[in-house]
$ cat run.pdb   # PDB, C-alpha atoms
ATOM      1  CA  MET D   1     -22.987  24.292  15.155
ATOM      2  CA  SER D   2     -20.565  23.903  12.270
ATOM      3  CA  THR D   3     -20.250  20.791  10.123
ATOM      4  CA  PRO D   4     -17.054  18.690  10.067
ATOM      5  CA  SER D   5     -16.336  20.114   6.605
ATOM      6  CA  GLU D   6     -16.633  23.679   7.889
ATOM      7  CA  GLN D   7     -14.379  22.855  10.844
ATOM      8  CA  ILE D   8     -11.712  21.433   8.513
ATOM      9  CA  LEU D   9     -11.870  24.482   6.233
ATOM     10  CA  SER D  10     -11.648  26.843   9.185
ATOM     11  CA  GLN D  11      -8.677  24.940  10.597
ATOM     12  CA  ALA D  12      -6.960  25.011   7.181
ATOM     13  CA  GLU D  13      -7.509  28.764   6.896
ATOM     14  CA  LYS D  14      -5.973  29.322  10.344
ATOM     15  CA  LEU D  15      -2.966  27.156   9.525
ATOM     16  CA  CYS D  16      -2.399  29.020   6.251
ATOM     17  CA  GLN D  17      -2.493  32.344   8.100
ATOM     18  CA  GLN D  18       0.018  31.022  10.652
ATOM     19  CA  ARG D  19       2.272  29.753   7.873
ATOM     20  CA  ASN D  20       1.892  32.978   5.904
ATOM     21  CA  VAL D  21       0.688  31.170   2.775
ATOM     22  CA  ARG D  22      -2.327  32.079   0.684
ATOM     23  CA  LEU D  23      -5.385  29.829   0.650
ATOM     24  CA  THR D  24      -7.030  31.288  -2.453
ATOM     25  CA  PRO D  25     -10.764  30.870  -3.091
ATOM     26  CA  GLN D  26      -9.993  28.180  -5.709
ATOM     27  CA  ARG D  27      -7.744  26.259  -3.327
ATOM     28  CA  LEU D  28     -10.369  26.532  -0.608
ATOM     29  CA  GLU D  29     -13.055  25.257  -2.988
ATOM     30  CA  VAL D  30     -10.935  22.252  -3.998
ATOM     31  CA  LEU D  31     -10.320  21.515  -0.312
ATOM     32  CA  ARG D  32     -14.055  21.830   0.363
ATOM     33  CA  LEU D  33     -14.797  19.372  -2.441
ATOM     34  CA  LEU D  34     -12.280  16.936  -0.972
ATOM     35  CA  THR D  35     -13.886  17.187   2.479
ATOM     36  CA  GLU D  36     -17.155  16.025   0.924
ATOM     37  CA  GLN D  37     -15.650  12.837  -0.523
ATOM     38  CA  ASN D  38     -16.021   9.531   1.287
ATOM     39  CA  GLY D  39     -12.729   8.336  -0.131
ATOM     40  CA  ALA D  40     -10.129   9.115  -2.719
ATOM     41  CA  ILE D  41     -10.958  10.966  -5.932
ATOM     42  CA  SER D  42      -9.022  11.563  -9.138
ATOM     43  CA  ALA D  43      -7.898  15.019 -10.223
ATOM     44  CA  TYR D  44     -10.180  14.909 -13.266
ATOM     45  CA  ASP D  45     -13.210  13.929 -11.181
ATOM     46  CA  LEU D  46     -12.356  16.843  -8.887
ATOM     47  CA  LEU D  47     -12.067  19.097 -11.915
ATOM     48  CA  ASP D  48     -15.565  18.062 -13.008
ATOM     49  CA  LEU D  49     -16.894  18.949  -9.553
ATOM     50  CA  LEU D  50     -14.997  22.257  -9.538
ATOM     51  CA  ARG D  51     -16.519  23.172 -12.882
ATOM     52  CA  THR D  52     -19.973  23.377 -11.285
ATOM     53  CA  ALA D  53     -18.691  26.426  -9.359
ATOM     54  CA  GLU D  54     -16.090  27.559 -11.901
ATOM     55  CA  PRO D  55     -17.121  26.486 -15.420
ATOM     56  CA  ARG D  56     -13.860  27.751 -16.963
ATOM     57  CA  ALA D  57     -11.572  25.714 -14.704
ATOM     58  CA  LYS D  58      -8.879  23.816 -16.615
ATOM     59  CA  PRO D  59      -6.587  20.922 -15.599
ATOM     60  CA  PRO D  60      -3.721  23.240 -14.548
ATOM     61  CA  THR D  61      -6.152  24.937 -12.134
ATOM     62  CA  ILE D  62      -6.885  21.707 -10.281
ATOM     63  CA  TYR D  63      -3.272  20.524 -10.327
ATOM     64  CA  ARG D  64      -1.970  23.819  -8.911
ATOM     65  CA  ALA D  65      -4.566  23.669  -6.129
ATOM     66  CA  LEU D  66      -3.742  20.015  -5.395
ATOM     67  CA  ASP D  67       0.000  20.776  -5.320
ATOM     68  CA  PHE D  68      -0.598  23.544  -2.785
ATOM     69  CA  LEU D  69      -2.852  21.358  -0.618
ATOM     70  CA  LEU D  70      -0.286  18.536  -0.738
ATOM     71  CA  GLU D  71       2.514  20.945   0.173
ATOM     72  CA  GLN D  72       0.526  22.157   3.178
ATOM     73  CA  GLY D  73      -0.222  18.582   4.263
ATOM     74  CA  PHE D  74      -4.003  18.975   3.985
ATOM     75  CA  ILE D  75      -4.357  16.062   1.582
ATOM     76  CA  HIS D  76      -2.521  12.923   0.503
ATOM     77  CA  ARG D  77      -1.874  11.565  -2.948
ATOM     78  CA  VAL D  78      -2.676   7.877  -3.244
ATOM     79  CA  GLU D  79       0.079   6.881  -5.639
ATOM     80  CA  SER D  80      -1.199   3.416  -6.513
ATOM     81  CA  ASN D  81      -4.468   4.673  -7.986
ATOM     82  CA  ASN D  82      -3.471   8.255  -8.812
ATOM     83  CA  SER D  83      -6.070   9.891  -6.590
ATOM     84  CA  TYR D  84      -6.295  12.305  -3.680
ATOM     85  CA  VAL D  85      -7.784  12.018  -0.219
ATOM     86  CA  MET D  86      -8.205  14.336   2.770
ATOM     87  CA  CYS D  87      -5.546  14.012   5.442
ATOM     88  CA  LEU D  88      -7.159  13.271   8.780
ATOM     89  CA  HIS D  89      -4.106  14.483  10.698
ATOM     90  CA  PHE D  90      -3.133  17.681   8.894
ATOM     91  CA  ASP D  91      -2.733  19.480  12.203
ATOM     92  CA  GLU D  92       0.314  17.219  12.718
ATOM     93  CA  PRO D  93       2.646  18.312   9.905
ATOM     94  CA  GLN D  94       5.170  15.507  10.383
ATOM     95  CA  HIS D  95       3.375  12.189  10.438
ATOM     96  CA  THR D  96       3.363   8.954   8.535
ATOM     97  CA  SER D  97       0.042   7.735   7.224
ATOM     98  CA  ALA D  98      -0.978   4.233   6.319
ATOM     99  CA  MET D  99      -3.478   4.246   3.480
ATOM    100  CA  LEU D 100      -5.635   1.125   3.587
ATOM    101  CA  ILE D 101      -6.961   0.811   0.030
ATOM    102  CA  CYS D 102      -9.812  -1.546  -0.816
ATOM    103  CA  ASP D 103      -9.161  -3.348  -4.090
ATOM    104  CA  ARG D 104     -12.877  -4.044  -4.547
ATOM    105  CA  CYS D 105     -14.649  -0.722  -3.906
ATOM    106  CA  GLY D 106     -11.670   1.664  -3.990
ATOM    107  CA  SER D 107     -12.265   3.161  -0.548
ATOM    108  CA  VAL D 108      -9.248   4.630   1.197
ATOM    109  CA  ASN D 109      -8.948   4.669   4.975
ATOM    110  CA  GLU D 110      -6.115   6.715   6.460
ATOM    111  CA  LYS D 111      -4.593   5.548   9.719
ATOM    112  CA  HIS D 112      -1.819   7.171  11.699
ATOM    113  CA  ALA D 113       1.136   4.793  11.325
ATOM    114  CA  GLN D 114       2.685   5.030  14.766
ATOM    115  CA  GLY D 115       5.653   2.729  15.073
ATOM    116  CA  VAL D 116       6.185   2.692  11.319
ATOM    117  CA  GLU D 117       7.559   6.234  11.525
ATOM    118  CA  GLU D 118      10.410   5.139  13.777
ATOM    119  CA  ILE D 119      11.262   2.185  11.540
ATOM    120  CA  LEU D 120      11.332   4.387   8.430
ATOM    121  CA  GLN D 121      13.415   7.012  10.228
ATOM    122  CA  THR D 122      15.913   4.354  11.346
ATOM    123  CA  LEU D 123      16.159   2.925   7.819
ATOM    124  CA  ALA D 124      16.592   6.408   6.359
ATOM    125  CA  SER D 125      19.281   7.342   8.903
ATOM    126  CA  GLN D 126      21.198   4.140   8.200
ATOM    127  CA  ALA D 127      21.169   5.019   4.501
ATOM    128  CA  GLY D 128      22.177   8.651   5.127
ATOM    129  CA  PHE D 129      18.792   9.738   3.821
ATOM    130  CA  SER D 130      16.684  12.610   5.151
ATOM    131  CA  LEU D 131      12.951  11.829   5.170
ATOM    132  CA  ARG D 132      10.589  14.638   4.263
ATOM    133  CA  HIS D 133       7.334  12.806   3.824
ATOM    134  CA  SER D 134       6.175   9.224   3.831
ATOM    135  CA  VAL D 135       2.923   7.433   3.143
ATOM    136  CA  VAL D 136       2.495   3.689   3.359
ATOM    137  CA  GLU D 137      -0.069   2.160   1.005
ATOM    138  CA  ALA D 138      -1.583  -1.230   1.745
ATOM    139  CA  HIS D 139      -4.096  -3.015  -0.487
ATOM    140  CA  GLY D 140      -6.768  -5.460   0.606
ATOM    141  CA  LEU D 141     -10.494  -5.504   1.319
ATOM    142  CA  CYS D 142     -12.489  -3.189   3.568
ATOM    143  CA  ARG D 143     -14.928  -4.586   6.141
ATOM    144  CA  GLU D 144     -17.956  -4.173   3.851
ATOM    145  CA  CYS D 145     -16.273  -5.865   0.901
ATOM    146  CA  ILE D 146     -15.055  -8.746   3.063
ATOM    147  CA  SER D 147     -18.664  -9.279   4.142
ATOM    148  CA  THR D 148     -19.982  -8.965   0.584
ATOM    149  CA  GLU D 149     -17.467 -11.447  -0.766
ATOM    150  CA  ALA D 150     -18.192 -13.870   2.059
ATOM    151  CA  CYS D 151     -21.922 -13.637   1.357
ATOM    152  CA  GLN D 152     -21.293 -14.499  -2.273
ATOM    153  CA  ARG D 153     -19.792 -17.721  -0.926
ATOM    154  CA  PRO D 154     -22.440 -18.946   1.581
ATOM    155  CA  GLU D 155     -20.156 -21.701   2.864
ATOM    156  CA  ILE D 156     -17.985 -19.044   4.562
ATOM    157  CA  CYS D 157     -20.650 -16.414   5.264
ATOM    158  CA  ASP D 158     -21.882 -16.067   8.827
ATOM    159  CA  HIS D 159     -25.343 -14.795   7.792
ATOM    160  CA  ASP D 160     -28.438 -17.022   7.731
ATOM    161  CA  HIS D 161     -29.124 -17.817   4.078
ATOM    162  CA  SER D 162     -31.998 -20.234   4.754
ATOM    163  CA  ILE D 163     -34.586 -17.566   3.818
ATOM    164  CA  VAL D 164     -32.844 -16.929   0.489
ATOM    165  CA  ALA D 165     -32.608 -20.669  -0.135
ATOM    166  CA  LYS D 166     -36.369 -21.103   0.586
ATOM    167  CA  LYS D 167     -37.237 -18.281  -1.825
ATOM    168  CA  ARG D 168     -35.199 -20.026  -4.506
ATOM    169  CA  GLY D 169     -37.127 -23.238  -3.879
ATOM    170  CA  ARG D 170     -34.357 -25.144  -2.157
TER
END

$ encode --input "run.pdb" --output "structure tokens"
Amino acid sequence: MSTPSEQILSQAEKLCQQRNVRLTPQRLEVLRLLTEQNGAISAYDLLDLLRTAEPRAKPPTIYRALDFLLEQGFIHRVESNNSYVMCLHFDEPQHTSAMLICDRCGSVNEKHAQGVEEILQTLASQAGFSLRHSVVEAHGLCRECISTEACQRPEICDHDHSIVAKKRGR
């Protein structure tokens, strides 16, 4: 049985063949590295990871690979924090993604923005504008960080802090 990462890479290879574009070994390796990330990652952090396989890799190497992967719709650029994240819907070339970005831990959760697409298309049409690509970025707190922040303020936390209070001699 193949891993989710292997499935994504295989799907990307098939799409590149169908589109008659070249998924070079370097591009494939950068995509593989992105599939292993739990969230967004900067180009320079990706470059550091790439250098374990290709010690001579330079910044233009990573940026060319990222440009190709963006062009093919395999990844998204998170503009607000200058990072990159796997696209969870790259088999749907025309889609609008909502990037839910946690301001505390930096995690990025991509959601398909159904409904938003129509609104953006209507706004664009009214302005005589032709949309090519759109990503909505929203900042806030992820579920884990909401819980962590609440637990740092016991008056709003729903966990039982009596054990902690007893240990502190309260």

$ resolve_selection --input "run.pdb" --expression "the PyMOL selection byres ((chain D and resi 45) around 12)" --output "count of residues only"
22

$ resolve_selection --input "run.pdb" --expression "the PyMOL selection byres ((chain D and resi 5-18) around 9)" --output "PDB file with C-alpha atoms, in the frame of the given file"
ATOM      1  CA  SER D   2     -20.565  23.903  12.270  1.00  0.00           C
ATOM      2  CA  THR D   3     -20.250  20.791  10.123  1.00  0.00           C
ATOM      3  CA  PRO D   4     -17.054  18.690  10.067  1.00  0.00           C
ATOM      4  CA  ARG D  19       2.272  29.753   7.873  1.00  0.00           C
ATOM      5  CA  ASN D  20       1.892  32.978   5.904  1.00  0.00           C
ATOM      6  CA  VAL D  21       0.688  31.170   2.775  1.00  0.00           C
ATOM      7  CA  ARG D  22      -2.327  32.079   0.684  1.00  0.00           C
ATOM      8  CA  LEU D  23      -5.385  29.829   0.650  1.00  0.00           C
ATOM      9  CA  LEU D  28     -10.369  26.532  -0.608  1.00  0.00           C
ATOM     10  CA  LEU D  31     -10.320  21.515  -0.312  1.00  0.00           C
ATOM     11  CA  ARG D  32     -14.055  21.830   0.363  1.00  0.00           C
ATOM     12  CA  THR D  35     -13.886  17.187   2.479  1.00  0.00           C
ATOM     13  CA  GLU D  36     -17.155  16.025   0.924  1.00  0.00           C
ATOM     14  CA  GLN D  72       0.526  22.157   3.178  1.00  0.00           C
ATOM     15  CA  PHE D  74      -4.003  18.975   3.985  1.00  0.00           C
ATOM     16  CA  PHE D  90      -3.133  17.681   8.894  1.00  0.00           C
ATOM     17  CA  ASP D  91      -2.733  19.480  12.203  1.00  0.00           C
TER      18      ASP D  91
END

$ atom_distance --input "run.pdb" --atom1 "CA of Cys87 in chain D" --atom2 "CA of Ile146 in chain D"
24.8 Å

$ closest_residue --input "run.pdb" --among "D:His89, D:Arg132, D:Arg64, D:Arg143" --to "Lys111 in chain D" --atoms "all atoms listed in the file"
D:His89

$ atom_distance --input "run.pdb" --atom1 "CA of Leu66 in chain D" --atom2 "CA of Glu79 in chain D"
13.7 Å

$ closest_residue --input "run.pdb" --among "D:Gly140, D:Gly128, D:Gly115, D:Pro60" --to "Asp103 in chain D" --atoms "all atoms listed in the file"
D:Gly140

$ atom_distance --input "run.pdb" --atom1 "CA of Thr24 in chain D" --atom2 "CA of Val85 in chain D"
19.4 Å

$ closest_residue --input "run.pdb" --among "D:Ser147, D:Ser130, D:Thr96, D:Asn81" --to "Glu118 in chain D" --atoms "all atoms listed in the file"
D:Thr96

$ decode --input "run.pdb" --residues "range 56-103 of chain D" --atoms "N, CA and C atoms" --output "mmCIF file, in the first residue's frame"
data_model
loop_
_atom_site.group_PDB
_atom_site.id
_atom_site.type_symbol
_atom_site.label_atom_id
_atom_site.label_comp_id
_atom_site.auth_asym_id
_atom_site.auth_seq_id
_atom_site.Cartn_x
_atom_site.Cartn_y
_atom_site.Cartn_z
ATOM 1 N N ARG D 56 24.539 20.917 -3.396
ATOM 2 C CA ARG D 56 24.917 22.102 -4.181
ATOM 3 C C ARG D 56 23.720 22.976 -4.569
ATOM 4 N N ALA D 57 22.549 22.640 -4.099
ATOM 5 C CA ALA D 57 21.354 23.412 -4.449
ATOM 6 C C ALA D 57 21.489 24.851 -3.958
ATOM 7 N N LYS D 58 21.080 25.777 -4.810
ATOM 8 C CA LYS D 58 21.155 27.215 -4.521
ATOM 9 C C LYS D 58 19.734 27.794 -4.510
ATOM 10 N N PRO D 59 19.576 29.019 -3.997
ATOM 11 C CA PRO D 59 18.232 29.629 -3.982
ATOM 12 C C PRO D 59 17.501 29.606 -5.329
ATOM 13 N N PRO D 60 18.166 29.916 -6.459
ATOM 14 C CA PRO D 60 17.416 29.861 -7.721
ATOM 15 C C PRO D 60 16.826 28.466 -8.002
ATOM 16 N N THR D 61 17.508 27.426 -7.547
ATOM 17 C CA THR D 61 17.021 26.058 -7.737
ATOM 18 C C THR D 61 15.656 25.887 -7.084
ATOM 19 N N ILE D 62 15.549 26.312 -5.831
ATOM 20 C CA ILE D 62 14.297 26.127 -5.094
ATOM 21 C C ILE D 62 13.209 27.029 -5.664
ATOM 22 N N TYR D 63 13.573 28.262 -6.022
ATOM 23 C CA TYR D 63 12.562 29.181 -6.551
ATOM 24 C C TYR D 63 12.037 28.744 -7.916
ATOM 25 N N ARG D 64 12.895 28.186 -8.751
ATOM 26 C CA ARG D 64 12.422 27.672 -10.053
ATOM 27 C C ARG D 64 11.470 26.498 -9.846
ATOM 28 N N ALA D 65 11.820 25.611 -8.920
ATOM 29 C CA ALA D 65 10.952 24.461 -8.629
ATOM 30 C C ALA D 65 9.620 24.931 -8.059
ATOM 31 N N LEU D 66 9.662 25.889 -7.125
ATOM 32 C CA LEU D 66 8.426 26.407 -6.531
ATOM 33 C C LEU D 66 7.559 27.101 -7.579
ATOM 34 N N ASP D 67 8.178 27.864 -8.476
ATOM 35 C CA ASP D 67 7.417 28.529 -9.542
ATOM 36 C C ASP D 67 6.691 27.509 -10.415
ATOM 37 N N PHE D 68 7.389 26.437 -10.760
ATOM 38 C CA PHE D 68 6.770 25.379 -11.566
ATOM 39 C C PHE D 68 5.603 24.734 -10.816
ATOM 40 N N LEU D 69 5.823 24.395 -9.551
ATOM 41 C CA LEU D 69 4.779 23.733 -8.759
ATOM 42 C C LEU D 69 3.567 24.650 -8.553
ATOM 43 N N LEU D 70 3.825 25.945 -8.394
ATOM 44 C CA LEU D 70 2.730 26.921 -8.299
ATOM 45 C C LEU D 70 1.956 26.987 -9.617
ATOM 46 N N GLU D 71 2.694 27.054 -10.711
ATOM 47 C CA GLU D 71 2.095 27.139 -12.044
ATOM 48 C C GLU D 71 1.206 25.931 -12.326
ATOM 49 N N GLN D 72 1.609 24.773 -11.841
ATOM 50 C CA GLN D 72 0.842 23.550 -12.064
ATOM 51 C C GLN D 72 -0.297 23.393 -11.053
ATOM 52 N N GLY D 73 -0.330 24.250 -10.047
ATOM 53 C CA GLY D 73 -1.397 24.200 -9.051
ATOM 54 C C GLY D 73 -1.197 23.145 -7.977
ATOM 55 N N PHE D 74 0.031 22.636 -7.849
ATOM 56 C CA PHE D 74 0.308 21.596 -6.850
ATOM 57 C C PHE D 74 0.499 22.173 -5.450
ATOM 58 N N ILE D 75 0.854 23.447 -5.396
ATOM 59 C CA ILE D 75 1.109 24.102 -4.117
ATOM 60 C C ILE D 75 0.474 25.491 -4.132
ATOM 61 N N HIS D 76 0.424 26.093 -2.952
ATOM 62 C CA HIS D 76 -0.039 27.475 -2.816
ATOM 63 C C HIS D 76 1.058 28.281 -2.131
ATOM 64 N N ARG D 77 1.107 29.545 -2.473
ATOM 65 C CA ARG D 77 1.979 30.470 -1.754
ATOM 66 C C ARG D 77 1.118 31.192 -0.736
ATOM 67 N N VAL D 78 1.544 31.170 0.512
ATOM 68 C CA VAL D 78 0.848 31.896 1.565
ATOM 69 C C VAL D 78 1.513 33.261 1.622
ATOM 70 N N GLU D 79 0.854 34.231 1.015
ATOM 71 C CA GLU D 79 1.431 35.564 0.844
ATOM 72 C C GLU D 79 1.772 36.233 2.169
ATOM 73 N N SER D 80 0.886 36.116 3.141
ATOM 74 C CA SER D 80 1.040 36.875 4.384
ATOM 75 C C SER D 80 2.260 36.464 5.201
ATOM 76 N N ASN D 81 2.731 35.227 5.037
ATOM 77 C CA ASN D 81 3.943 34.851 5.766
ATOM 78 C C ASN D 81 5.025 34.304 4.833
ATOM 79 N N ASN D 82 4.873 34.562 3.543
ATOM 80 C CA ASN D 82 5.886 34.225 2.551
ATOM 81 C C ASN D 82 6.335 32.768 2.664
ATOM 82 N N SER D 83 5.367 31.864 2.610
ATOM 83 C CA SER D 83 5.679 30.444 2.716
ATOM 84 C C SER D 83 4.874 29.674 1.676
ATOM 85 N N TYR D 84 5.071 28.372 1.652
ATOM 86 C CA TYR D 84 4.436 27.513 0.663
ATOM 87 C C TYR D 84 3.800 26.325 1.368
ATOM 88 N N VAL D 85 2.693 25.856 0.786
ATOM 89 C CA VAL D 85 1.963 24.746 1.378
ATOM 90 C C VAL D 85 1.394 23.888 0.249
ATOM 91 N N MET D 86 1.275 22.588 0.500
ATOM 92 C CA MET D 86 0.679 21.687 -0.485
ATOM 93 C C MET D 86 -0.762 22.091 -0.745
ATOM 94 N N CYS D 87 -1.181 21.965 -1.981
ATOM 95 C CA CYS D 87 -2.586 22.183 -2.332
ATOM 96 C C CYS D 87 -3.298 20.845 -2.159
ATOM 97 N N LEU D 88 -4.373 20.855 -1.424
ATOM 98 C CA LEU D 88 -5.118 19.622 -1.180
ATOM 99 C C LEU D 88 -6.096 19.299 -2.305
ATOM 100 N N HIS D 89 -6.236 20.226 -3.248
ATOM 101 C CA HIS D 89 -7.209 20.047 -4.330
ATOM 102 C C HIS D 89 -6.550 20.232 -5.698
ATOM 103 N N PHE D 90 -5.292 19.800 -5.856
ATOM 104 C CA PHE D 90 -4.622 20.128 -7.110
ATOM 105 C C PHE D 90 -5.162 19.349 -8.305
ATOM 106 N N ASP D 91 -6.035 18.389 -8.043
ATOM 107 C CA ASP D 91 -6.685 17.704 -9.163
ATOM 108 C C ASP D 91 -7.822 18.546 -9.737
ATOM 109 N N GLU D 92 -8.169 19.635 -9.046
ATOM 110 C CA GLU D 92 -9.171 20.595 -9.521
ATOM 111 C C GLU D 92 -8.436 21.884 -9.881
ATOM 112 N N PRO D 93 -8.028 22.051 -11.132
ATOM 113 C CA PRO D 93 -7.162 23.183 -11.474
ATOM 114 C C PRO D 93 -7.761 24.558 -11.193
ATOM 115 N N GLN D 94 -9.054 24.711 -11.326
ATOM 116 C CA GLN D 94 -9.681 26.005 -11.081
ATOM 117 C C GLN D 94 -10.479 25.939 -9.792
ATOM 118 N N HIS D 95 -9.885 26.339 -8.707
ATOM 119 C CA HIS D 95 -10.595 26.383 -7.440
ATOM 120 C C HIS D 95 -10.059 27.521 -6.588
ATOM 121 N N THR D 96 -10.880 27.961 -5.684
ATOM 122 C CA THR D 96 -10.468 29.003 -4.755
ATOM 123 C C THR D 96 -10.249 28.350 -3.398
ATOM 124 N N SER D 97 -9.113 28.631 -2.816
ATOM 125 C CA SER D 97 -8.790 28.068 -1.509
ATOM 126 C C SER D 97 -8.862 29.138 -0.448
ATOM 127 N N ALA D 98 -9.317 28.727 0.718
ATOM 128 C CA ALA D 98 -9.260 29.588 1.895
ATOM 129 C C ALA D 98 -8.157 29.025 2.774
ATOM 130 N N MET D 99 -7.152 29.838 3.027
ATOM 131 C CA MET D 99 -6.052 29.444 3.894
ATOM 132 C C MET D 99 -6.328 29.983 5.290
ATOM 133 N N LEU D 100 -6.548 29.083 6.230
ATOM 134 C CA LEU D 100 -6.795 29.453 7.616
ATOM 135 C C LEU D 100 -5.451 29.386 8.334
ATOM 136 N N ILE D 101 -4.905 30.538 8.686
ATOM 137 C CA ILE D 101 -3.545 30.658 9.193
ATOM 138 C C ILE D 101 -3.581 30.979 10.679
ATOM 139 N N CYS D 102 -2.958 30.120 11.478
ATOM 140 C CA CYS D 102 -2.922 30.344 12.923
ATOM 141 C C CYS D 102 -1.829 31.352 13.254
ATOM 142 N N ASP D 103 -2.215 32.421 13.923
ATOM 143 C CA ASP D 103 -1.250 33.462 14.290
ATOM 144 C C ASP D 103 -0.361 33.048 15.449
#
